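Student: Below is the file work20.cif, which contains mmCIF, C-alpha atoms and all ligand atoms.
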```cif
data_query
loop_
_atom_site.group_PDB
_atom_site.id
_atom_site.type_symbol
_atom_site.label_atom_id
_atom_site.label_comp_id
_atom_site.auth_asym_id
_atom_site.auth_seq_id
_atom_site.Cartn_x
_atom_site.Cartn_y
_atom_site.Cartn_z
ATOM 1 C CA MET U 145 -185.975 -47.491 41.085
ATOM 2 C CA GLY U 146 -186.393 -51.096 42.291
ATOM 3 C CA ALA U 147 -187.665 -52.204 45.687
ATOM 4 C CA LEU U 148 -184.100 -53.180 46.706
ATOM 5 C CA THR U 149 -182.163 -50.228 45.275
ATOM 6 C CA GLY U 150 -179.270 -49.320 47.604
ATOM 7 C CA LYS U 151 -179.334 -52.735 49.316
ATOM 8 C CA VAL U 152 -176.468 -55.218 49.374
ATOM 9 C CA ALA U 153 -177.284 -58.947 49.217
ATOM 10 C CA LEU U 154 -175.164 -62.074 49.588
ATOM 11 C CA VAL U 155 -176.482 -65.308 48.063
ATOM 12 C CA THR U 156 -174.521 -68.418 49.021
ATOM 13 C CA GLY U 157 -174.417 -70.970 46.221
ATOM 14 C CA GLY U 158 -175.498 -68.250 43.810
ATOM 15 C CA SER U 159 -173.761 -69.742 40.808
ATOM 16 C CA ARG U 160 -176.563 -72.032 39.663
ATOM 17 C CA GLY U 161 -180.059 -73.350 40.316
ATOM 18 C CA ILE U 162 -182.194 -71.665 42.951
ATOM 19 C CA GLY U 163 -179.256 -69.520 44.075
ATOM 20 C CA ARG U 164 -178.646 -68.168 40.594
ATOM 21 C CA ALA U 165 -182.338 -67.385 40.045
ATOM 22 C CA THR U 166 -182.399 -65.628 43.433
ATOM 23 C CA ALA U 167 -179.261 -63.621 42.687
ATOM 24 C CA GLU U 168 -180.733 -62.487 39.361
ATOM 25 C CA ARG U 169 -184.097 -61.663 40.936
ATOM 26 C CA LEU U 170 -182.609 -59.583 43.777
ATOM 27 C CA ALA U 171 -180.375 -57.748 41.300
ATOM 28 C CA SER U 172 -183.370 -57.017 39.063
ATOM 29 C CA GLU U 173 -184.920 -55.231 42.061
ATOM 30 C CA GLY U 174 -181.815 -53.039 42.340
ATOM 31 C CA ALA U 175 -179.677 -54.843 44.946
ATOM 32 C CA LEU U 176 -175.924 -55.203 44.542
ATOM 33 C CA VAL U 177 -175.519 -58.992 44.752
ATOM 34 C CA ALA U 178 -172.514 -60.947 45.989
ATOM 35 C CA VAL U 179 -172.677 -64.287 44.158
ATOM 36 C CA HIS U 180 -170.951 -66.856 46.367
ATOM 37 C CA HIS U 181 -169.904 -70.234 44.987
ATOM 38 C CA GLY U 182 -167.881 -73.266 45.994
ATOM 39 C CA ARG U 183 -165.952 -74.666 43.051
ATOM 40 C CA ASN U 184 -167.467 -73.615 39.744
ATOM 41 C CA THR U 185 -166.061 -70.133 39.194
ATOM 42 C CA GLY U 186 -167.166 -70.246 35.542
ATOM 43 C CA ALA U 187 -170.821 -70.675 36.544
ATOM 44 C CA ALA U 188 -170.557 -67.847 39.098
ATOM 45 C CA GLU U 189 -169.033 -65.559 36.460
ATOM 46 C CA GLU U 190 -171.886 -66.486 34.086
ATOM 47 C CA THR U 191 -174.394 -65.429 36.737
ATOM 48 C CA VAL U 192 -172.566 -62.132 37.330
ATOM 49 C CA ASN U 193 -172.387 -61.472 33.585
ATOM 50 C CA ALA U 194 -176.110 -62.222 33.154
ATOM 51 C CA ILE U 195 -176.927 -59.782 35.978
ATOM 52 C CA ARG U 196 -174.741 -57.059 34.480
ATOM 53 C CA ALA U 197 -176.142 -57.647 30.973
ATOM 54 C CA ALA U 198 -179.626 -57.055 32.419
ATOM 55 C CA GLY U 199 -178.468 -53.754 33.928
ATOM 56 C CA GLY U 200 -177.829 -54.988 37.474
ATOM 57 C CA SER U 201 -174.785 -55.030 39.754
ATOM 58 C CA ALA U 202 -173.001 -58.102 41.087
ATOM 59 C CA PHE U 203 -169.641 -59.621 41.897
ATOM 60 C CA SER U 204 -168.614 -63.200 42.630
ATOM 61 C CA LEU U 205 -166.688 -64.671 45.529
ATOM 62 C CA ARG U 206 -165.410 -68.149 46.221
ATOM 63 C CA ALA U 207 -165.299 -70.131 49.453
ATOM 64 C CA GLU U 208 -165.787 -73.862 49.690
ATOM 65 C CA LEU U 209 -168.077 -74.474 52.629
ATOM 66 C CA GLY U 210 -167.328 -77.420 54.898
ATOM 67 C CA THR U 211 -163.553 -76.920 54.640
ATOM 68 C CA ALA U 212 -161.146 -75.344 57.153
ATOM 69 C CA GLY U 213 -161.403 -71.542 57.211
ATOM 70 C CA ASP U 214 -164.482 -71.528 54.941
ATOM 71 C CA VAL U 215 -166.488 -68.890 56.796
ATOM 72 C CA GLU U 216 -163.486 -66.627 57.370
ATOM 73 C CA THR U 217 -162.581 -66.815 53.674
ATOM 74 C CA LEU U 218 -166.140 -66.035 52.605
ATOM 75 C CA TRP U 219 -166.448 -62.925 54.769
ATOM 76 C CA ALA U 220 -162.918 -61.669 54.059
ATOM 77 C CA GLU U 221 -163.681 -61.845 50.337
ATOM 78 C CA PHE U 222 -167.062 -60.203 50.846
ATOM 79 C CA ASP U 223 -165.567 -57.341 52.892
ATOM 80 C CA ARG U 224 -162.887 -56.703 50.282
ATOM 81 C CA LEU U 225 -165.142 -56.880 47.234
ATOM 82 C CA VAL U 226 -168.106 -54.956 48.622
ATOM 83 C CA LEU U 227 -165.834 -51.959 49.185
ATOM 84 C CA GLU U 228 -164.606 -52.256 45.603
ATOM 85 C CA HIS U 229 -168.056 -52.611 44.005
ATOM 86 C CA GLY U 230 -170.515 -51.156 46.467
ATOM 87 C CA PRO U 231 -171.531 -48.125 48.463
ATOM 88 C CA GLY U 232 -169.385 -49.142 51.490
ATOM 89 C CA ALA U 233 -169.120 -51.853 54.107
ATOM 90 C CA GLY U 234 -172.119 -53.850 55.285
ATOM 91 C CA LEU U 235 -174.926 -56.114 54.190
ATOM 92 C CA ASP U 236 -178.731 -55.912 54.052
ATOM 93 C CA ILE U 237 -179.858 -59.337 52.806
ATOM 94 C CA LEU U 238 -178.276 -62.729 53.516
ATOM 95 C CA VAL U 239 -179.651 -65.683 51.552
ATOM 96 C CA ASN U 240 -178.283 -68.989 52.866
ATOM 97 C CA ASN U 241 -178.913 -71.167 49.834
ATOM 98 C CA ALA U 242 -175.813 -73.363 49.324
ATOM 99 C CA GLY U 243 -176.512 -76.992 50.066
ATOM 100 C CA ILE U 244 -175.885 -80.578 49.057
ATOM 101 C CA SER U 245 -178.289 -83.516 48.991
ATOM 102 C CA PRO U 246 -176.708 -86.920 48.374
ATOM 103 C CA ARG U 247 -179.244 -89.739 48.383
ATOM 104 C CA ALA U 248 -179.077 -92.546 50.952
ATOM 105 C CA GLU U 249 -181.608 -94.378 53.086
ATOM 106 C CA VAL U 250 -180.915 -94.834 56.773
ATOM 107 C CA GLU U 251 -178.975 -98.094 56.454
ATOM 108 C CA GLU U 252 -176.850 -96.833 53.546
ATOM 109 C CA THR U 253 -175.845 -93.546 55.178
ATOM 110 C CA THR U 254 -172.142 -93.486 56.054
ATOM 111 C CA ARG U 255 -170.683 -91.380 58.862
ATOM 112 C CA GLU U 256 -168.639 -89.484 56.265
ATOM 113 C CA ALA U 257 -171.704 -88.602 54.181
ATOM 114 C CA PHE U 258 -173.666 -87.684 57.312
ATOM 115 C CA ASP U 259 -170.870 -85.417 58.571
ATOM 116 C CA GLU U 260 -170.444 -83.722 55.198
ATOM 117 C CA LEU U 261 -174.169 -82.994 54.993
ATOM 118 C CA PHE U 262 -174.194 -81.373 58.414
ATOM 119 C CA GLU U 263 -170.900 -79.526 57.729
ATOM 120 C CA VAL U 264 -172.270 -77.855 54.591
ATOM 121 C CA ASN U 265 -176.019 -77.584 55.198
ATOM 122 C CA VAL U 266 -175.993 -76.785 58.919
ATOM 123 C CA ARG U 267 -172.612 -75.875 60.392
ATOM 124 C CA ALA U 268 -171.526 -73.601 57.545
ATOM 125 C CA LEU U 269 -174.968 -71.962 57.414
ATOM 126 C CA PHE U 270 -174.878 -71.357 61.170
ATOM 127 C CA PHE U 271 -171.416 -69.787 61.219
ATOM 128 C CA VAL U 272 -171.818 -67.842 57.966
ATOM 129 C CA THR U 273 -174.842 -66.272 59.628
ATOM 130 C CA GLN U 274 -173.084 -65.790 62.988
ATOM 131 C CA GLN U 275 -170.188 -63.952 61.316
ATOM 132 C CA GLY U 276 -172.611 -62.077 59.068
ATOM 133 C CA LEU U 277 -174.522 -60.582 61.982
ATOM 134 C CA LYS U 278 -171.945 -57.880 62.618
ATOM 135 C CA ARG U 279 -172.128 -56.863 58.944
ATOM 136 C CA LEU U 280 -175.923 -57.018 58.668
ATOM 137 C CA ARG U 281 -177.564 -53.628 59.066
ATOM 138 C CA ASP U 282 -180.547 -53.189 61.386
ATOM 139 C CA GLY U 283 -183.765 -53.819 59.461
ATOM 140 C CA GLY U 284 -181.955 -56.454 57.410
ATOM 141 C CA ARG U 285 -183.175 -59.779 56.097
ATOM 142 C CA ILE U 286 -182.023 -63.387 56.454
ATOM 143 C CA VAL U 287 -183.621 -66.001 54.209
ATOM 144 C CA ASN U 288 -182.598 -69.642 54.620
ATOM 145 C CA VAL U 289 -183.295 -72.138 51.860
ATOM 146 C CA SER U 290 -184.712 -75.171 53.632
ATOM 147 C CA SER U 291 -186.694 -77.989 52.035
ATOM 148 C CA ALA U 292 -190.183 -79.457 52.154
ATOM 149 C CA THR U 293 -188.449 -82.671 53.207
ATOM 150 C CA SER U 294 -188.380 -81.361 56.785
ATOM 151 C CA ARG U 295 -192.193 -81.797 56.589
ATOM 152 C CA ILE U 296 -192.652 -84.582 54.031
ATOM 153 C CA ALA U 297 -190.982 -87.918 54.771
ATOM 154 C CA LEU U 298 -188.685 -89.052 51.939
ATOM 155 C CA PRO U 299 -186.684 -92.040 53.237
ATOM 156 C CA ASP U 300 -184.016 -91.925 50.508
ATOM 157 C CA ILE U 301 -182.766 -88.515 51.716
ATOM 158 C CA ILE U 302 -183.168 -88.995 55.453
ATOM 159 C CA ALA U 303 -179.966 -87.304 56.649
ATOM 160 C CA TYR U 304 -180.451 -84.417 54.206
ATOM 161 C CA SER U 305 -183.983 -83.932 55.535
ATOM 162 C CA MET U 306 -182.609 -83.809 59.080
ATOM 163 C CA THR U 307 -180.275 -80.964 58.081
ATOM 164 C CA LYS U 308 -183.257 -78.985 56.816
ATOM 165 C CA GLY U 309 -185.119 -79.648 60.066
ATOM 166 C CA ALA U 310 -182.162 -78.007 61.803
ATOM 167 C CA VAL U 311 -182.388 -75.041 59.408
ATOM 168 C CA ASP U 312 -186.083 -74.581 60.283
ATOM 169 C CA THR U 313 -185.299 -74.583 64.004
ATOM 170 C CA PHE U 314 -182.416 -72.150 63.507
ATOM 171 C CA THR U 315 -184.733 -69.856 61.534
ATOM 172 C CA ARG U 316 -187.445 -69.736 64.180
ATOM 173 C CA THR U 317 -185.026 -69.287 67.073
ATOM 174 C CA LEU U 318 -182.788 -66.695 65.446
ATOM 175 C CA ALA U 319 -185.850 -64.630 64.511
ATOM 176 C CA LYS U 320 -186.533 -64.240 68.224
ATOM 177 C CA THR U 321 -182.990 -62.963 68.880
ATOM 178 C CA LEU U 322 -182.846 -60.530 65.973
ATOM 179 C CA GLY U 323 -186.334 -59.060 66.257
ATOM 180 C CA GLU U 324 -185.134 -56.203 68.415
ATOM 181 C CA ARG U 325 -182.873 -55.104 65.574
ATOM 182 C CA GLY U 326 -185.744 -55.166 63.097
ATOM 183 C CA VAL U 327 -184.060 -58.048 61.270
ATOM 184 C CA THR U 328 -186.430 -60.720 59.944
ATOM 185 C CA VAL U 329 -185.364 -64.353 59.616
ATOM 186 C CA ASN U 330 -187.396 -66.710 57.456
ATOM 187 C CA ALA U 331 -186.960 -69.920 55.503
ATOM 188 C CA VAL U 332 -188.307 -71.055 52.152
ATOM 189 C CA ALA U 333 -189.044 -74.760 51.780
ATOM 190 C CA PRO U 334 -189.054 -75.828 48.121
ATOM 191 C CA GLY U 335 -190.466 -79.070 46.814
ATOM 192 C CA ILE U 336 -188.991 -80.705 43.715
ATOM 193 C CA ILE U 337 -187.339 -77.991 41.620
ATOM 194 C CA ASP U 338 -185.852 -78.499 38.160
ATOM 195 C CA THR U 339 -182.196 -77.660 38.884
ATOM 196 C CA ASP U 340 -178.876 -79.353 38.099
ATOM 197 C CA LEU U 341 -179.194 -81.055 41.479
ATOM 198 C CA ASN U 342 -182.138 -83.097 40.167
ATOM 199 C CA ALA U 343 -181.106 -83.193 36.501
ATOM 200 C CA PRO U 344 -179.616 -86.713 36.554
ATOM 201 C CA TRP U 345 -182.949 -88.364 37.417
ATOM 202 C CA LEU U 346 -185.458 -85.724 36.301
ATOM 203 C CA ARG U 347 -184.449 -84.142 32.998
ATOM 204 C CA GLY U 348 -185.348 -85.945 29.807
ATOM 205 C CA ASN U 349 -187.215 -88.646 31.730
ATOM 206 C CA PRO U 350 -190.993 -88.417 31.125
ATOM 207 C CA ASP U 351 -191.797 -90.955 33.878
ATOM 208 C CA ALA U 352 -189.771 -88.991 36.425
ATOM 209 C CA GLN U 353 -191.375 -85.728 35.265
ATOM 210 C CA GLN U 354 -194.835 -87.237 35.733
ATOM 211 C CA TYR U 355 -193.901 -88.593 39.157
ATOM 212 C CA ALA U 356 -192.448 -85.241 40.277
ATOM 213 C CA SER U 357 -195.385 -83.244 38.875
ATOM 214 C CA GLY U 358 -197.746 -85.476 40.836
ATOM 215 C CA PHE U 359 -196.457 -84.085 44.149
ATOM 216 C CA SER U 360 -197.829 -80.595 43.459
ATOM 217 C CA ALA U 361 -201.515 -79.617 43.560
ATOM 218 C CA LEU U 362 -200.639 -77.377 40.625
ATOM 219 C CA GLY U 363 -199.508 -80.381 38.586
ATOM 220 C CA ARG U 364 -196.010 -79.416 37.510
ATOM 221 C CA VAL U 365 -192.388 -79.462 38.628
ATOM 222 C CA GLY U 366 -191.168 -76.281 40.319
ATOM 223 C CA LEU U 367 -188.745 -73.881 38.629
ATOM 224 C CA PRO U 368 -185.927 -71.896 40.252
ATOM 225 C CA ASP U 369 -187.854 -68.659 39.616
ATOM 226 C CA ASP U 370 -190.825 -70.004 41.622
ATOM 227 C CA VAL U 371 -188.549 -70.037 44.664
ATOM 228 C CA ALA U 372 -186.596 -66.873 43.818
ATOM 229 C CA ASP U 373 -189.823 -64.831 43.736
ATOM 230 C CA ILE U 374 -190.657 -65.928 47.283
ATOM 231 C CA VAL U 375 -187.142 -65.127 48.501
ATOM 232 C CA ALA U 376 -187.409 -61.683 46.878
ATOM 233 C CA PHE U 377 -190.705 -61.079 48.673
ATOM 234 C CA LEU U 378 -189.202 -62.071 52.028
ATOM 235 C CA ALA U 379 -186.230 -59.793 51.315
ATOM 236 C CA SER U 380 -188.473 -56.823 50.553
ATOM 237 C CA ASP U 381 -190.123 -54.247 52.792
ATOM 238 C CA ALA U 382 -193.484 -55.854 51.937
ATOM 239 C CA ALA U 383 -192.527 -58.797 54.189
ATOM 240 C CA ARG U 384 -191.531 -56.647 57.181
ATOM 241 C CA TRP U 385 -194.179 -58.287 59.431
ATOM 242 C CA VAL U 386 -193.201 -61.874 58.586
ATOM 243 C CA THR U 387 -190.481 -63.460 60.706
ATOM 244 C CA GLY U 388 -189.553 -66.856 62.123
ATOM 245 C CA GLN U 389 -191.566 -68.638 59.413
ATOM 246 C CA VAL U 390 -190.935 -71.504 57.041
ATOM 247 C CA ILE U 391 -192.729 -70.618 53.803
ATOM 248 C CA ASP U 392 -193.840 -73.589 51.735
ATOM 249 C CA ALA U 393 -192.652 -73.414 48.122
ATOM 250 C CA THR U 394 -193.937 -76.722 46.805
ATOM 251 C CA GLY U 395 -196.936 -75.702 44.714
ATOM 252 C CA GLY U 396 -199.042 -77.444 47.326
ATOM 253 C CA SER U 397 -197.354 -80.817 47.770
ATOM 254 C CA HIS U 398 -198.781 -83.388 50.206
ATOM 255 C CA LEU U 399 -201.534 -81.045 51.363
HETATM 256 P P1 LIG V 401 -177.584 -76.848 42.932
HETATM 257 O O1 LIG V 401 -176.771 -78.061 43.179
HETATM 258 O O2 LIG V 401 -178.055 -76.563 41.560
HETATM 259 O O3 LIG V 401 -176.795 -75.569 43.471
HETATM 260 C C1 LIG V 401 -176.197 -75.610 44.731
HETATM 261 C C2 LIG V 401 -175.350 -74.377 44.937
HETATM 262 O O4 LIG V 401 -174.720 -74.522 46.219
HETATM 263 C C3 LIG V 401 -174.254 -74.204 43.910
HETATM 264 O O5 LIG V 401 -174.135 -72.834 43.582
HETATM 265 C C4 LIG V 401 -172.980 -74.669 44.636
HETATM 266 O O6 LIG V 401 -171.828 -73.914 44.255
HETATM 267 C C5 LIG V 401 -173.328 -74.373 46.086
HETATM 268 N N1 LIG V 401 -172.647 -75.294 46.968
HETATM 269 C C6 LIG V 401 -172.928 -76.610 47.175
HETATM 270 N N2 LIG V 401 -172.026 -77.131 48.037
HETATM 271 C C7 LIG V 401 -171.172 -76.129 48.357
HETATM 272 C C8 LIG V 401 -170.035 -76.045 49.192
HETATM 273 N N3 LIG V 401 -169.557 -77.107 49.864
HETATM 274 N N4 LIG V 401 -169.400 -74.857 49.279
HETATM 275 C C9 LIG V 401 -169.856 -73.787 48.616
HETATM 276 N N5 LIG V 401 -170.922 -73.797 47.801
HETATM 277 C C10 LIG V 401 -171.572 -74.966 47.689
HETATM 278 O O7 LIG V 401 -178.785 -76.934 43.968
HETATM 279 P P2 LIG V 401 -180.237 -76.282 44.001
HETATM 280 O O8 LIG V 401 -181.206 -77.299 43.565
HETATM 281 O O9 LIG V 401 -180.256 -74.941 43.367
HETATM 282 O O10 LIG V 401 -180.404 -76.150 45.589
HETATM 283 C C11 LIG V 401 -180.177 -74.933 46.295
HETATM 284 C C12 LIG V 401 -180.737 -75.075 47.685
HETATM 285 O O11 LIG V 401 -182.104 -75.423 47.601
HETATM 286 C C13 LIG V 401 -180.060 -76.169 48.515
HETATM 287 O O12 LIG V 401 -179.934 -75.731 49.858
HETATM 288 C C14 LIG V 401 -181.055 -77.315 48.428
HETATM 289 O O13 LIG V 401 -180.980 -78.171 49.539
HETATM 290 C C15 LIG V 401 -182.367 -76.557 48.392
HETATM 291 N N6 LIG V 401 -183.475 -77.327 47.819
HETATM 292 C C16 LIG V 401 -183.451 -77.738 46.517
HETATM 293 C C17 LIG V 401 -184.537 -78.457 46.011
HETATM 294 C C18 LIG V 401 -184.566 -78.965 44.601
HETATM 295 O O14 LIG V 401 -185.473 -79.753 44.275
HETATM 296 N N7 LIG V 401 -183.667 -78.557 43.725
HETATM 297 C C19 LIG V 401 -185.626 -78.744 46.832
HETATM 298 C C20 LIG V 401 -185.626 -78.302 48.150
HETATM 299 C C21 LIG V 401 -184.544 -77.582 48.633
#
```
Give the structure from the file, written as structure tokens.
Tutor:
Amino acid sequence: MGALTGKVALVTGGSRGIGRATAERLASEGALVAVHHGRNTGAAEETVNAIRAAGGSAFSLRAELGTAGDVETLWAEFDRLVLEHGPGAGLDILVNNAGISPRAEVEETTREAFDELFEVNVRALFFVTQQGLKRLRDGGRIVNVSSATSRIALPDIIAYSMTKGAVDTFTRTLAKTLGERGVTVNAVAPGIIDTDLNAPWLRGNPDAQQYASGFSALGRVGLPDDVADIVAFLASDAARWVTGQVIDATGGSHL
């Protein structure tokens, strides 16, 4: 029996990258995992198939965040599918991972890009959580995927970094509200992780690899599993006394 046997988890943006690694990790601990995705249904199905092939349980659901009716669609799909696949209604672990990070310095940032960033990374995360609260069982877990850029200044992703600052504040404040229900709320703040998000500049480029490795005291680029393991810890009973925290997942960057 795994540490999360009998639990139901929802991972937003679970189709690839950090979200996929997290979905697989939570499922390997015994959770039934709802793999949410925006557009790439094929990638979400791949994640579900990989989980099932490893002996776990999962289903996928689609809702494009930042569009009209996004949150309602997500939860309606979750409610329908969890009854079909799971032990009954309700949720134990919410991982808010979906996010976008277009690059632009302050003077290049358009209103449209700024609004889209806040729509997806902040507004959708806020209301997915708000609507999830009535489904989340007491003693549940919320883990938000933030970024080390809320601590480390990277001018070419200034608006993105601001969205993650908002996620950190949301995490700390919501933890105070939900404590009486025994629900913990934490964030994980990754540094540079080798995912599709960074592939265009990072993969197959030795100079970029060296540059990115140089951020970490441990001298390498992070992997999705490095983050997924921390999320799994925060989702487990072992982390019951940790709440309202932003956990650094950068391998010691900019110490
Ligand atoms: P990724 O691009 O590989 O995956 C992003 C996931 O989010 C995908 O599953 C995608 O379907 C989903 N998503 C994106 N926009 C969506 C939308 N509008 N509606 C629904 N789903 C949407 O990214 P990743 O690198 O795995 O990043 C995951 C999270 O980690 C993000 O919140 C990101 O900001 C954060 N993060 C990543 C890094 C990094 O270096 N990769 C560093 C710090 C923080």
Student: Out of U:Val264, U:Val179, U:Leu280, U:Ile286, which residue has the shortest atom-to-atom distance to ligand LIG 401 (chain V) when counting all atoms listed in the file?
Tutor: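 Comparing U:Val264, U:Val179, U:Leu280, U:Ile286 against ligand LIG 401 (chain V), the winner is U:Val264.
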Student: Taking into account all atoms listed in the file, which residue in the set U:Phe258, U:Asn265, U:Ala248, U:Glu216 is nearest to Gly157 (chain U)?
Tutor: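 Looking at the shortest contact to Gly157 (chain U), the residue is U:Asn265.
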Student: Please report the interatomic distance between CA of Ile374 (chain U) and CA of Gln275 (chain U) in Å with one decimal.
Tutor: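 Result for CA of Ile374 (chain U) versus CA of Gln275 (chain U): 24.9 Å, one decimal.
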Student: I need the residue set behind the PyMOL selection byres (((not hetatm)) within 8 of (chain V and resi 401)) for this file; please write it as a PyMOL selection string.
Tutor: chain U and resi 156-164+180-184+188+206-211+240-245+264-265+289-293+304+308+333-342+366+368
Student: Once the PyMOL selection byres (((chain U and resi 372) around 7) and not hetatm) has been applied to the shown file, what residues remain in the selection, as number ranges by chain?
Tutor: U: 162, 165-166, 169, 368-371, 373-376
Student: The PyMOL selection byres (((chain U and resi 227-230) around 8) and not hetatm) - which residues does that actually catch in the file I just gave you? List them as number ranges by chain.
Tutor: U: 152, 176, 202-203, 223-226, 231-233
Student: Record the distance separating CA of Asp300 (chain U) and CA of Ala352 (chain U), expressed in Å with one decimal.
Tutor: 15.5 Å
Student: From the set U:Gln354, U:Thr273, U:Ser294, U:Thr149, which residue has the shortest atom-to-atom contact distance to Trp219 (chain U), counting all atoms listed in the file?
Tutor: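 Looking at the shortest contact to Trp219 (chain U), the residue is U:Thr273.
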Student: Would you compute the distance between CA of Glu252 (chain U) and CA of Val266 (chain U)? Give it in Å to one decimal.
Tutor: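 About the pair CA of Glu252 (chain U) and CA of Val266 (chain U): they are 20.8 Å apart.
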Student: Given the point (-181.2, -53.2, 60.4) in the file's coordinates, find the residues that have an atom at most 6 Å from it, counting only C-alpha atoms, and give them as an mmCIF file with C-alpha atoms, in the frame of the given file.
Tutor:
```cif
data_model
loop_
_atom_site.group_PDB
_atom_site.id
_atom_site.type_symbol
_atom_site.label_atom_id
_atom_site.label_comp_id
_atom_site.auth_asym_id
_atom_site.auth_seq_id
_atom_site.Cartn_x
_atom_site.Cartn_y
_atom_site.Cartn_z
ATOM 1 C CA ARG U 281 -177.564 -53.628 59.066
ATOM 2 C CA ASP U 282 -180.547 -53.189 61.386
ATOM 3 C CA GLY U 283 -183.765 -53.819 59.461
ATOM 4 C CA GLY U 284 -181.955 -56.454 57.410
ATOM 5 C CA ARG U 325 -182.873 -55.104 65.574
ATOM 6 C CA GLY U 326 -185.744 -55.166 63.097
ATOM 7 C CA VAL U 327 -184.060 -58.048 61.270
#
```
Student: Can you work out which one of U:Ile301, U:Ala393, U:Leu218, U:Leu269 has the shortest atom-to-atom distance to Ala257 (chain U), counting only C-alpha atoms?
Tutor: U:Ile301
Student: Find the residues near region 314-323 of chain U: any atom within 8 Å, counting only C-alpha atoms, skip ones fewer than 3 places away on the same chain, and give them as a list in words.
Tutor: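 Close residues of region 314-323 of chain U: Phe270, Asn288, Ala310, Val311, Gly326, Val327, Thr328, Val329, Asn330, Ala331, Thr387, Gly388, Gln389 and Val390 of chain U.
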Student: Please determine, counting only C-alpha atoms, which residue among U:Glu256, U:Asp392, U:Glu168, U:Asp351 has the shortest atom-to-atom distance to Ala198 (chain U).
Tutor: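 Looking at the shortest contact to Ala198 (chain U), the residue is U:Glu168.
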Student: With a distance cut-off of 9 Å and only C-alpha atoms, select the neighbouring residues of Gly199 (chain U), excluding the residue or stretch itself and same-chain residues fewer than 4 positions from it, and output the selection as a list in words.
Tutor: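 Those residues are Ala171, Ser172, Ala194 and Ile195 of chain U.
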Student: Rebuild N, CA, C and O atoms on region 313-324 of chain U, as a PDB file, keeping the file's coordinate frame?
Tutor:
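As a result, part22.pdb now contains:
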```
ATOM      1  N   THR U 313    -185.405 -74.935  62.583  1.00  0.00           N
ATOM      2  CA  THR U 313    -185.299 -74.583  64.004  1.00  0.00           C
ATOM      3  C   THR U 313    -184.416 -73.349  64.187  1.00  0.00           C
ATOM      4  O   THR U 313    -184.733 -72.450  64.979  1.00  0.00           O
ATOM      5  N   PHE U 314    -183.317 -73.313  63.466  1.00  0.00           N
ATOM      6  CA  PHE U 314    -182.416 -72.150  63.507  1.00  0.00           C
ATOM      7  C   PHE U 314    -183.180 -70.875  63.108  1.00  0.00           C
ATOM      8  O   PHE U 314    -183.064 -69.826  63.751  1.00  0.00           O
ATOM      9  N   THR U 315    -183.978 -70.997  62.056  1.00  0.00           N
ATOM     10  CA  THR U 315    -184.733 -69.856  61.534  1.00  0.00           C
ATOM     11  C   THR U 315    -185.668 -69.286  62.599  1.00  0.00           C
ATOM     12  O   THR U 315    -185.674 -68.075  62.867  1.00  0.00           O
ATOM     13  N   ARG U 316    -186.445 -70.164  63.191  1.00  0.00           N
ATOM     14  CA  ARG U 316    -187.445 -69.736  64.180  1.00  0.00           C
ATOM     15  C   ARG U 316    -186.772 -69.113  65.400  1.00  0.00           C
ATOM     16  O   ARG U 316    -187.184 -68.082  65.909  1.00  0.00           O
ATOM     17  N   THR U 317    -185.685 -69.733  65.841  1.00  0.00           N
ATOM     18  CA  THR U 317    -185.026 -69.287  67.073  1.00  0.00           C
ATOM     19  C   THR U 317    -184.254 -67.992  66.845  1.00  0.00           C
ATOM     20  O   THR U 317    -184.298 -67.076  67.677  1.00  0.00           O
ATOM     21  N   LEU U 318    -183.566 -67.911  65.728  1.00  0.00           N
ATOM     22  CA  LEU U 318    -182.788 -66.695  65.446  1.00  0.00           C
ATOM     23  C   LEU U 318    -183.706 -65.481  65.257  1.00  0.00           C
ATOM     24  O   LEU U 318    -183.343 -64.359  65.613  1.00  0.00           O
ATOM     25  N   ALA U 319    -184.890 -65.734  64.707  1.00  0.00           N
ATOM     26  CA  ALA U 319    -185.850 -64.630  64.511  1.00  0.00           C
ATOM     27  C   ALA U 319    -186.167 -63.952  65.839  1.00  0.00           C
ATOM     28  O   ALA U 319    -186.329 -62.734  65.923  1.00  0.00           O
ATOM     29  N   LYS U 320    -186.234 -64.756  66.887  1.00  0.00           N
ATOM     30  CA  LYS U 320    -186.533 -64.240  68.224  1.00  0.00           C
ATOM     31  C   LYS U 320    -185.391 -63.331  68.713  1.00  0.00           C
ATOM     32  O   LYS U 320    -185.619 -62.273  69.282  1.00  0.00           O
ATOM     33  N   THR U 321    -184.160 -63.752  68.450  1.00  0.00           N
ATOM     34  CA  THR U 321    -182.990 -62.963  68.880  1.00  0.00           C
ATOM     35  C   THR U 321    -182.888 -61.645  68.116  1.00  0.00           C
ATOM     36  O   THR U 321    -182.558 -60.610  68.690  1.00  0.00           O
ATOM     37  N   LEU U 322    -183.144 -61.694  66.819  1.00  0.00           N
ATOM     38  CA  LEU U 322    -182.846 -60.530  65.973  1.00  0.00           C
ATOM     39  C   LEU U 322    -184.009 -59.555  65.824  1.00  0.00           C
ATOM     40  O   LEU U 322    -183.858 -58.490  65.233  1.00  0.00           O
ATOM     41  N   GLY U 323    -185.164 -59.926  66.383  1.00  0.00           N
ATOM     42  CA  GLY U 323    -186.334 -59.060  66.257  1.00  0.00           C
ATOM     43  C   GLY U 323    -186.089 -57.651  66.755  1.00  0.00           C
ATOM     44  O   GLY U 323    -186.535 -56.680  66.137  1.00  0.00           O
ATOM     45  N   GLU U 324    -185.335 -57.539  67.839  1.00  0.00           N
ATOM     46  CA  GLU U 324    -185.134 -56.203  68.415  1.00  0.00           C
ATOM     47  C   GLU U 324    -184.315 -55.290  67.507  1.00  0.00           C
ATOM     48  O   GLU U 324    -184.346 -54.077  67.650  1.00  0.00           O
TER      49      GLU U 324
END
```
